[in-house]
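Structure data (compact mmCIF, N, CA and C atoms) from input_2.txt:
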# COMPACT_ATOMS: atom_id res chain seq x y z
N MET T 1 -3.89 12.32 201.23
CA MET T 1 -4.93 13.27 200.94
C MET T 1 -5.08 14.25 202.09
N THR T 2 -5.44 15.44 201.75
CA THR T 2 -5.68 16.43 202.79
C THR T 2 -7.17 16.50 203.07
N ASP T 3 -7.50 16.95 204.23
CA ASP T 3 -8.90 17.08 204.62
C ASP T 3 -9.38 18.50 204.33
N ALA T 4 -9.51 18.82 203.02
CA ALA T 4 -9.97 20.14 202.63
C ALA T 4 -11.48 20.09 202.47
N THR T 5 -12.10 21.09 202.98
CA THR T 5 -13.55 21.16 202.82
C THR T 5 -13.90 22.35 201.95
N VAL T 6 -14.95 22.18 201.21
CA VAL T 6 -15.42 23.25 200.34
C VAL T 6 -16.72 23.76 200.91
N GLU T 7 -16.75 25.05 201.16
CA GLU T 7 -17.97 25.62 201.71
C GLU T 7 -18.80 26.17 200.56
N PRO T 8 -20.11 26.00 200.62
CA PRO T 8 -20.96 26.52 199.54
C PRO T 8 -20.93 28.04 199.52
N VAL T 9 -21.02 28.56 198.31
CA VAL T 9 -21.00 30.01 198.12
C VAL T 9 -22.45 30.48 198.02
N GLU T 10 -22.76 31.52 198.76
CA GLU T 10 -24.11 32.07 198.75
C GLU T 10 -24.26 32.94 197.50
N PRO T 11 -25.31 32.72 196.72
CA PRO T 11 -25.51 33.59 195.55
C PRO T 11 -25.92 34.99 195.99
N GLU T 12 -25.52 35.95 195.16
CA GLU T 12 -25.90 37.33 195.48
C GLU T 12 -27.38 37.51 195.22
N GLU T 13 -27.96 38.41 195.96
CA GLU T 13 -29.39 38.64 195.79
C GLU T 13 -29.64 39.44 194.53
N ALA T 14 -30.69 39.07 193.79
CA ALA T 14 -31.10 39.82 192.61
C ALA T 14 -31.77 41.11 193.09
N PRO T 15 -31.85 42.12 192.24
CA PRO T 15 -32.46 43.39 192.67
C PRO T 15 -33.87 43.22 193.18
N GLU T 16 -34.67 42.32 192.56
CA GLU T 16 -36.04 42.14 193.04
C GLU T 16 -36.07 41.54 194.44
N GLU T 17 -35.12 40.62 194.69
CA GLU T 17 -35.08 39.97 196.00
C GLU T 17 -34.62 40.94 197.08
N ALA T 18 -33.82 41.90 196.68
CA ALA T 18 -33.31 42.86 197.66
C ALA T 18 -34.33 43.95 197.93
N GLY T 19 -35.46 43.90 197.25
CA GLY T 19 -36.48 44.90 197.49
C GLY T 19 -36.35 46.11 196.59
N VAL T 20 -35.41 46.09 195.63
CA VAL T 20 -35.22 47.21 194.73
C VAL T 20 -35.77 46.81 193.36
N ARG T 21 -36.76 47.54 192.90
CA ARG T 21 -37.32 47.28 191.57
C ARG T 21 -36.99 48.45 190.67
N GLN T 22 -36.60 48.11 189.43
CA GLN T 22 -36.30 49.17 188.47
C GLN T 22 -37.58 49.55 187.74
N SER T 23 -37.67 50.81 187.42
CA SER T 23 -38.85 51.28 186.69
C SER T 23 -38.69 50.94 185.21
N VAL T 24 -39.78 51.05 184.48
CA VAL T 24 -39.75 50.75 183.04
C VAL T 24 -38.78 51.69 182.31
N PRO T 25 -38.79 53.00 182.56
CA PRO T 25 -37.82 53.86 181.88
C PRO T 25 -36.37 53.48 182.19
N GLU T 26 -36.11 53.07 183.43
CA GLU T 26 -34.75 52.65 183.77
C GLU T 26 -34.38 51.38 183.01
N LEU T 27 -35.32 50.44 182.91
CA LEU T 27 -35.07 49.22 182.16
C LEU T 27 -34.84 49.51 180.68
N LEU T 28 -35.63 50.44 180.12
CA LEU T 28 -35.45 50.80 178.72
C LEU T 28 -34.10 51.50 178.50
N ALA T 29 -33.72 52.35 179.44
CA ALA T 29 -32.41 53.01 179.34
C ALA T 29 -31.29 51.98 179.39
N GLU T 30 -31.42 50.99 180.26
CA GLU T 30 -30.41 49.93 180.35
C GLU T 30 -30.38 49.11 179.06
N LEU T 31 -31.56 48.87 178.49
CA LEU T 31 -31.63 48.13 177.23
C LEU T 31 -30.95 48.90 176.10
N VAL T 32 -31.16 50.21 176.06
CA VAL T 32 -30.52 51.04 175.03
C VAL T 32 -29.01 51.02 175.21
N GLU T 33 -28.55 51.14 176.46
CA GLU T 33 -27.10 51.10 176.73
C GLU T 33 -26.51 49.76 176.30
N ASP T 34 -27.22 48.68 176.62
CA ASP T 34 -26.74 47.36 176.21
C ASP T 34 -26.72 47.23 174.69
N GLY T 35 -27.73 47.82 174.04
CA GLY T 35 -27.78 47.80 172.57
C GLY T 35 -26.61 48.55 171.97
N HIS T 36 -26.28 49.71 172.54
CA HIS T 36 -25.13 50.48 172.06
C HIS T 36 -23.84 49.70 172.26
N ALA T 37 -23.70 49.07 173.41
CA ALA T 37 -22.49 48.28 173.68
C ALA T 37 -22.39 47.12 172.69
N TRP T 38 -23.52 46.49 172.41
CA TRP T 38 -23.52 45.36 171.47
C TRP T 38 -23.14 45.84 170.07
N LEU T 39 -23.73 46.97 169.64
CA LEU T 39 -23.39 47.51 168.32
C LEU T 39 -21.92 47.90 168.22
N ASP T 40 -21.39 48.50 169.27
CA ASP T 40 -19.97 48.85 169.28
C ASP T 40 -19.10 47.61 169.15
N ALA T 41 -19.46 46.55 169.86
CA ALA T 41 -18.69 45.31 169.79
C ALA T 41 -18.79 44.69 168.40
N GLU T 42 -19.99 44.69 167.81
CA GLU T 42 -20.16 44.15 166.46
C GLU T 42 -19.36 44.96 165.45
N LEU T 43 -19.35 46.28 165.60
CA LEU T 43 -18.60 47.14 164.69
C LEU T 43 -17.11 46.87 164.81
N ALA T 44 -16.62 46.66 166.02
CA ALA T 44 -15.21 46.34 166.22
C ALA T 44 -14.86 45.01 165.56
N VAL T 45 -15.74 44.03 165.66
CA VAL T 45 -15.50 42.74 165.01
C VAL T 45 -15.48 42.92 163.49
N PHE T 46 -16.43 43.70 162.96
CA PHE T 46 -16.48 43.94 161.53
C PHE T 46 -15.20 44.63 161.05
N HIS T 47 -14.75 45.63 161.78
CA HIS T 47 -13.52 46.34 161.40
C HIS T 47 -12.32 45.40 161.42
N ALA T 48 -12.23 44.57 162.43
CA ALA T 48 -11.11 43.64 162.52
C ALA T 48 -11.13 42.65 161.35
N GLU T 49 -12.30 42.15 161.02
CA GLU T 49 -12.42 41.20 159.90
C GLU T 49 -12.10 41.89 158.57
N ALA T 50 -12.58 43.12 158.40
CA ALA T 50 -12.29 43.86 157.17
C ALA T 50 -10.79 44.13 157.04
N ARG T 51 -10.16 44.50 158.14
CA ARG T 51 -8.71 44.76 158.13
C ARG T 51 -7.95 43.49 157.78
N ARG T 52 -8.36 42.37 158.37
CA ARG T 52 -7.69 41.10 158.09
C ARG T 52 -7.82 40.74 156.61
N ARG T 53 -9.01 40.92 156.07
CA ARG T 53 -9.22 40.59 154.65
C ARG T 53 -8.45 41.53 153.73
N LEU T 54 -8.38 42.81 154.09
CA LEU T 54 -7.62 43.75 153.27
C LEU T 54 -6.14 43.43 153.28
N ILE T 55 -5.61 43.02 154.41
CA ILE T 55 -4.20 42.65 154.48
C ILE T 55 -3.93 41.43 153.60
N ILE T 56 -4.81 40.43 153.69
CA ILE T 56 -4.65 39.23 152.86
C ILE T 56 -4.77 39.60 151.38
N ALA T 57 -5.73 40.45 151.04
CA ALA T 57 -5.91 40.86 149.64
C ALA T 57 -4.68 41.63 149.15
N GLY T 58 -4.12 42.49 149.99
CA GLY T 58 -2.94 43.25 149.60
C GLY T 58 -1.76 42.34 149.33
N ILE T 59 -1.57 41.34 150.16
CA ILE T 59 -0.48 40.39 149.94
C ILE T 59 -0.72 39.62 148.64
N GLY T 60 -1.97 39.20 148.43
CA GLY T 60 -2.28 38.45 147.21
C GLY T 60 -2.07 39.30 145.96
N ILE T 61 -2.50 40.56 146.01
CA ILE T 61 -2.32 41.44 144.85
C ILE T 61 -0.83 41.69 144.60
N GLY T 62 -0.08 41.87 145.65
CA GLY T 62 1.37 42.07 145.49
C GLY T 62 2.04 40.87 144.86
N LEU T 63 1.68 39.68 145.31
CA LEU T 63 2.27 38.46 144.74
C LEU T 63 1.84 38.27 143.28
N MET T 64 0.58 38.59 142.97
CA MET T 64 0.13 38.46 141.58
C MET T 64 0.84 39.49 140.69
N THR T 65 1.09 40.68 141.21
CA THR T 65 1.82 41.68 140.44
C THR T 65 3.25 41.22 140.18
N LEU T 66 3.87 40.63 141.19
CA LEU T 66 5.21 40.10 141.01
C LEU T 66 5.22 38.99 139.97
N ALA T 67 4.25 38.11 140.02
CA ALA T 67 4.17 37.02 139.05
C ALA T 67 3.96 37.57 137.64
N ALA T 68 3.10 38.57 137.50
CA ALA T 68 2.85 39.16 136.17
C ALA T 68 4.10 39.84 135.63
N THR T 69 4.85 40.51 136.50
CA THR T 69 6.08 41.16 136.08
C THR T 69 7.11 40.14 135.62
N MET T 70 7.24 39.06 136.37
CA MET T 70 8.18 38.01 135.98
C MET T 70 7.74 37.33 134.68
N LEU T 71 6.44 37.15 134.50
CA LEU T 71 5.93 36.56 133.27
C LEU T 71 6.22 37.47 132.08
N ALA T 72 6.06 38.78 132.26
CA ALA T 72 6.35 39.72 131.17
C ALA T 72 7.83 39.65 130.80
N GLY T 73 8.70 39.59 131.79
CA GLY T 73 10.13 39.47 131.51
C GLY T 73 10.47 38.17 130.79
N THR T 74 9.81 37.09 131.19
CA THR T 74 10.03 35.81 130.53
C THR T 74 9.55 35.85 129.08
N LEU T 75 8.41 36.48 128.86
CA LEU T 75 7.87 36.60 127.51
C LEU T 75 8.79 37.43 126.62
N ILE T 76 9.34 38.49 127.17
CA ILE T 76 10.29 39.31 126.40
C ILE T 76 11.53 38.48 126.04
N ALA T 77 12.03 37.72 127.00
CA ALA T 77 13.19 36.87 126.72
C ALA T 77 12.87 35.83 125.65
N LEU T 78 11.66 35.28 125.69
CA LEU T 78 11.24 34.30 124.69
C LEU T 78 11.18 34.94 123.30
N LEU T 79 10.63 36.14 123.21
CA LEU T 79 10.54 36.82 121.92
C LEU T 79 11.91 37.18 121.38
N VAL T 80 12.79 37.66 122.23
CA VAL T 80 14.15 37.99 121.79
C VAL T 80 14.88 36.73 121.35
N GLY T 81 14.69 35.65 122.10
CA GLY T 81 15.32 34.37 121.71
C GLY T 81 14.79 33.88 120.38
N ALA T 82 13.50 34.05 120.13
CA ALA T 82 12.93 33.63 118.85
C ALA T 82 13.51 34.47 117.70
N MET T 83 13.69 35.77 117.95
CA MET T 83 14.30 36.61 116.91
C MET T 83 15.73 36.18 116.62
N PHE T 84 16.49 35.87 117.66
CA PHE T 84 17.86 35.40 117.45
C PHE T 84 17.90 34.06 116.73
N ALA T 85 16.91 33.20 117.02
CA ALA T 85 16.87 31.91 116.36
C ALA T 85 16.49 32.04 114.89
N LEU T 86 15.58 32.93 114.56
CA LEU T 86 15.16 33.13 113.18
C LEU T 86 16.13 34.01 112.39
N GLY T 87 16.92 34.80 113.08
CA GLY T 87 17.83 35.74 112.41
C GLY T 87 18.74 35.09 111.38
N PRO T 88 19.46 34.03 111.70
CA PRO T 88 20.35 33.42 110.70
C PRO T 88 19.59 32.80 109.52
N VAL T 89 18.34 32.41 109.71
CA VAL T 89 17.58 31.75 108.66
C VAL T 89 16.99 32.76 107.67
N ILE T 90 16.33 33.80 108.17
CA ILE T 90 15.65 34.75 107.28
C ILE T 90 16.18 36.18 107.41
N GLY T 91 17.15 36.38 108.22
CA GLY T 91 17.71 37.71 108.41
C GLY T 91 17.12 38.38 109.64
N PRO T 92 17.90 39.23 110.31
CA PRO T 92 17.44 39.84 111.55
C PRO T 92 16.23 40.77 111.36
N GLY T 93 16.16 41.50 110.27
CA GLY T 93 15.04 42.42 110.04
C GLY T 93 13.72 41.67 109.88
N TRP T 94 13.72 40.64 109.03
CA TRP T 94 12.49 39.86 108.83
C TRP T 94 12.13 39.07 110.09
N ALA T 95 13.10 38.61 110.82
CA ALA T 95 12.82 37.89 112.07
C ALA T 95 12.12 38.83 113.05
N THR T 96 12.57 40.07 113.11
CA THR T 96 11.94 41.05 113.99
C THR T 96 10.51 41.32 113.56
N VAL T 97 10.30 41.51 112.26
CA VAL T 97 8.95 41.78 111.75
C VAL T 97 8.02 40.61 112.04
N ILE T 98 8.46 39.39 111.78
CA ILE T 98 7.62 38.21 112.01
C ILE T 98 7.27 38.07 113.49
N ILE T 99 8.21 38.24 114.37
CA ILE T 99 7.96 38.11 115.81
C ILE T 99 7.02 39.22 116.29
N ILE T 100 7.20 40.43 115.80
CA ILE T 100 6.32 41.54 116.20
C ILE T 100 4.89 41.29 115.73
N VAL T 101 4.73 40.87 114.49
CA VAL T 101 3.38 40.59 113.96
C VAL T 101 2.74 39.45 114.75
N LEU T 102 3.50 38.41 115.04
CA LEU T 102 2.97 37.29 115.82
C LEU T 102 2.56 37.74 117.22
N ALA T 103 3.40 38.54 117.87
CA ALA T 103 3.09 39.01 119.23
C ALA T 103 1.87 39.94 119.22
N LEU T 104 1.77 40.82 118.22
CA LEU T 104 0.62 41.71 118.14
C LEU T 104 -0.67 40.94 117.86
N THR T 105 -0.59 39.92 117.01
CA THR T 105 -1.77 39.10 116.71
C THR T 105 -2.25 38.37 117.96
N LEU T 106 -1.32 37.77 118.70
CA LEU T 106 -1.70 37.09 119.94
C LEU T 106 -2.25 38.07 120.96
N SER T 107 -1.65 39.25 121.07
CA SER T 107 -2.13 40.25 122.02
C SER T 107 -3.54 40.71 121.67
N ALA T 108 -3.79 40.92 120.37
CA ALA T 108 -5.13 41.33 119.95
C ALA T 108 -6.16 40.23 120.24
N ALA T 109 -5.80 38.98 120.00
CA ALA T 109 -6.73 37.88 120.27
C ALA T 109 -7.04 37.79 121.76
N PHE T 110 -6.02 37.92 122.59
CA PHE T 110 -6.24 37.87 124.04
C PHE T 110 -7.06 39.06 124.52
N ALA T 111 -6.80 40.24 123.96
CA ALA T 111 -7.56 41.43 124.34
C ALA T 111 -9.03 41.28 123.95
N GLN T 112 -9.29 40.73 122.77
CA GLN T 112 -10.66 40.51 122.33
C GLN T 112 -11.37 39.51 123.24
N ALA T 113 -10.69 38.43 123.60
CA ALA T 113 -11.28 37.43 124.49
C ALA T 113 -11.58 38.05 125.86
N GLY T 114 -10.68 38.88 126.36
CA GLY T 114 -10.91 39.55 127.64
C GLY T 114 -12.06 40.53 127.57
N ARG T 115 -12.16 41.25 126.45
CA ARG T 115 -13.27 42.21 126.26
C ARG T 115 -14.61 41.49 126.24
N ILE T 116 -14.64 40.33 125.60
CA ILE T 116 -15.88 39.55 125.56
C ILE T 116 -16.27 39.09 126.96
N GLN T 117 -15.29 38.65 127.73
CA GLN T 117 -15.57 38.21 129.10
C GLN T 117 -16.07 39.36 129.97
N LEU T 118 -15.45 40.52 129.85
CA LEU T 118 -15.87 41.68 130.64
C LEU T 118 -17.22 42.21 130.20
N ARG T 119 -17.53 42.08 128.93
CA ARG T 119 -18.82 42.53 128.44
C ARG T 119 -19.95 41.71 129.04
N LYS T 120 -19.68 40.44 129.38
CA LYS T 120 -20.69 39.60 130.01
C LYS T 120 -21.15 40.18 131.34
N LEU T 121 -20.27 40.94 131.99
CA LEU T 121 -20.63 41.54 133.27
C LEU T 121 -21.58 42.71 133.11
N THR T 122 -21.51 43.41 131.99
CA THR T 122 -22.31 44.62 131.82
C THR T 122 -23.62 44.37 131.09
N ARG T 123 -23.75 43.26 130.43
CA ARG T 123 -25.00 42.97 129.72
C ARG T 123 -26.09 42.62 130.71
N LYS T 124 -27.32 43.03 130.33
CA LYS T 124 -28.46 42.65 131.16
C LYS T 124 -28.79 41.19 130.86
N GLN T 125 -29.00 40.44 131.92
CA GLN T 125 -29.32 39.03 131.75
C GLN T 125 -30.79 38.87 131.33
N LEU T 126 -31.02 38.03 130.35
CA LEU T 126 -32.39 37.76 129.93
C LEU T 126 -33.03 36.79 130.91
N PRO T 127 -34.34 36.95 131.17
CA PRO T 127 -34.99 36.06 132.16
C PRO T 127 -35.07 34.63 131.69
If you convert what's in this file into structure tokens, what do you get?
Amino acid sequence: MTDATVEPVEPEEAPEEAGVRQSVPELLAELVEDGHAWLDAELAVFHAEARRRLIIAGIGIGLMTLAATMLAGTLIALLVGAMFALGPVIGPGWATVIIIVLALTLSAAFAQAGRIQLRKLTRKQLP
């Protein structure tokens, strides 16, 4: 072990101890400056958080768009496959008509269900 000694550190004198007193206007000016600094810091934190959330939202929206595009392609392949499967049984023309009517009926049902859900947002809630 070494014989190291630690010397106590003298605290700096506060303005009152040094004989310097600030006036009330000076204290208020310092308070306003501190308030501005605090607001600037809070605004910077808010901007950083908003930017982080927007980046995450952008990535999520992009991935959801990709998933929707792939789902649309899969649905088209399914409909074309159904037409090819029905073609030898009832003929290609009737297979096309049946698949189109089925797809339009399902689309209308889904659109109606979505409209009902969105309408819930615009209706006034009863107490």
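Taking CA of Thr96 (chain T) and CA of Phe84 (chain T) as the two end points, the separation is 8.9 Å.
Reported to one decimal place, the separation of CA of Ala82 (chain T) from CA of Leu63 (chain T) is 28.4 Å.
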Please enclose the listed atoms of region 37-49 of chain T in an axis-aligned box, pad each side by 6 Å, and write out the centre and the three edge lengths in Å, rounded to one decimal, as AutoDock Vina command-line options.
--center_x -17.4 --center_y 45.1 --center_z 166.1 --size_x 24.6 --size_y 19.9 --size_z 27.1
Using only C-alpha atoms, which of T:Trp94, T:Leu54, T:Ile100, T:Ile61 sits nearest Ile76 (chain T)?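 Smallest separation from Ile76 (chain T) among the options: T:Ile100.
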Distance atom N of Ile98 (chain T)-atom N of Leu79 (chain T), one decimal place? 12.1 Å
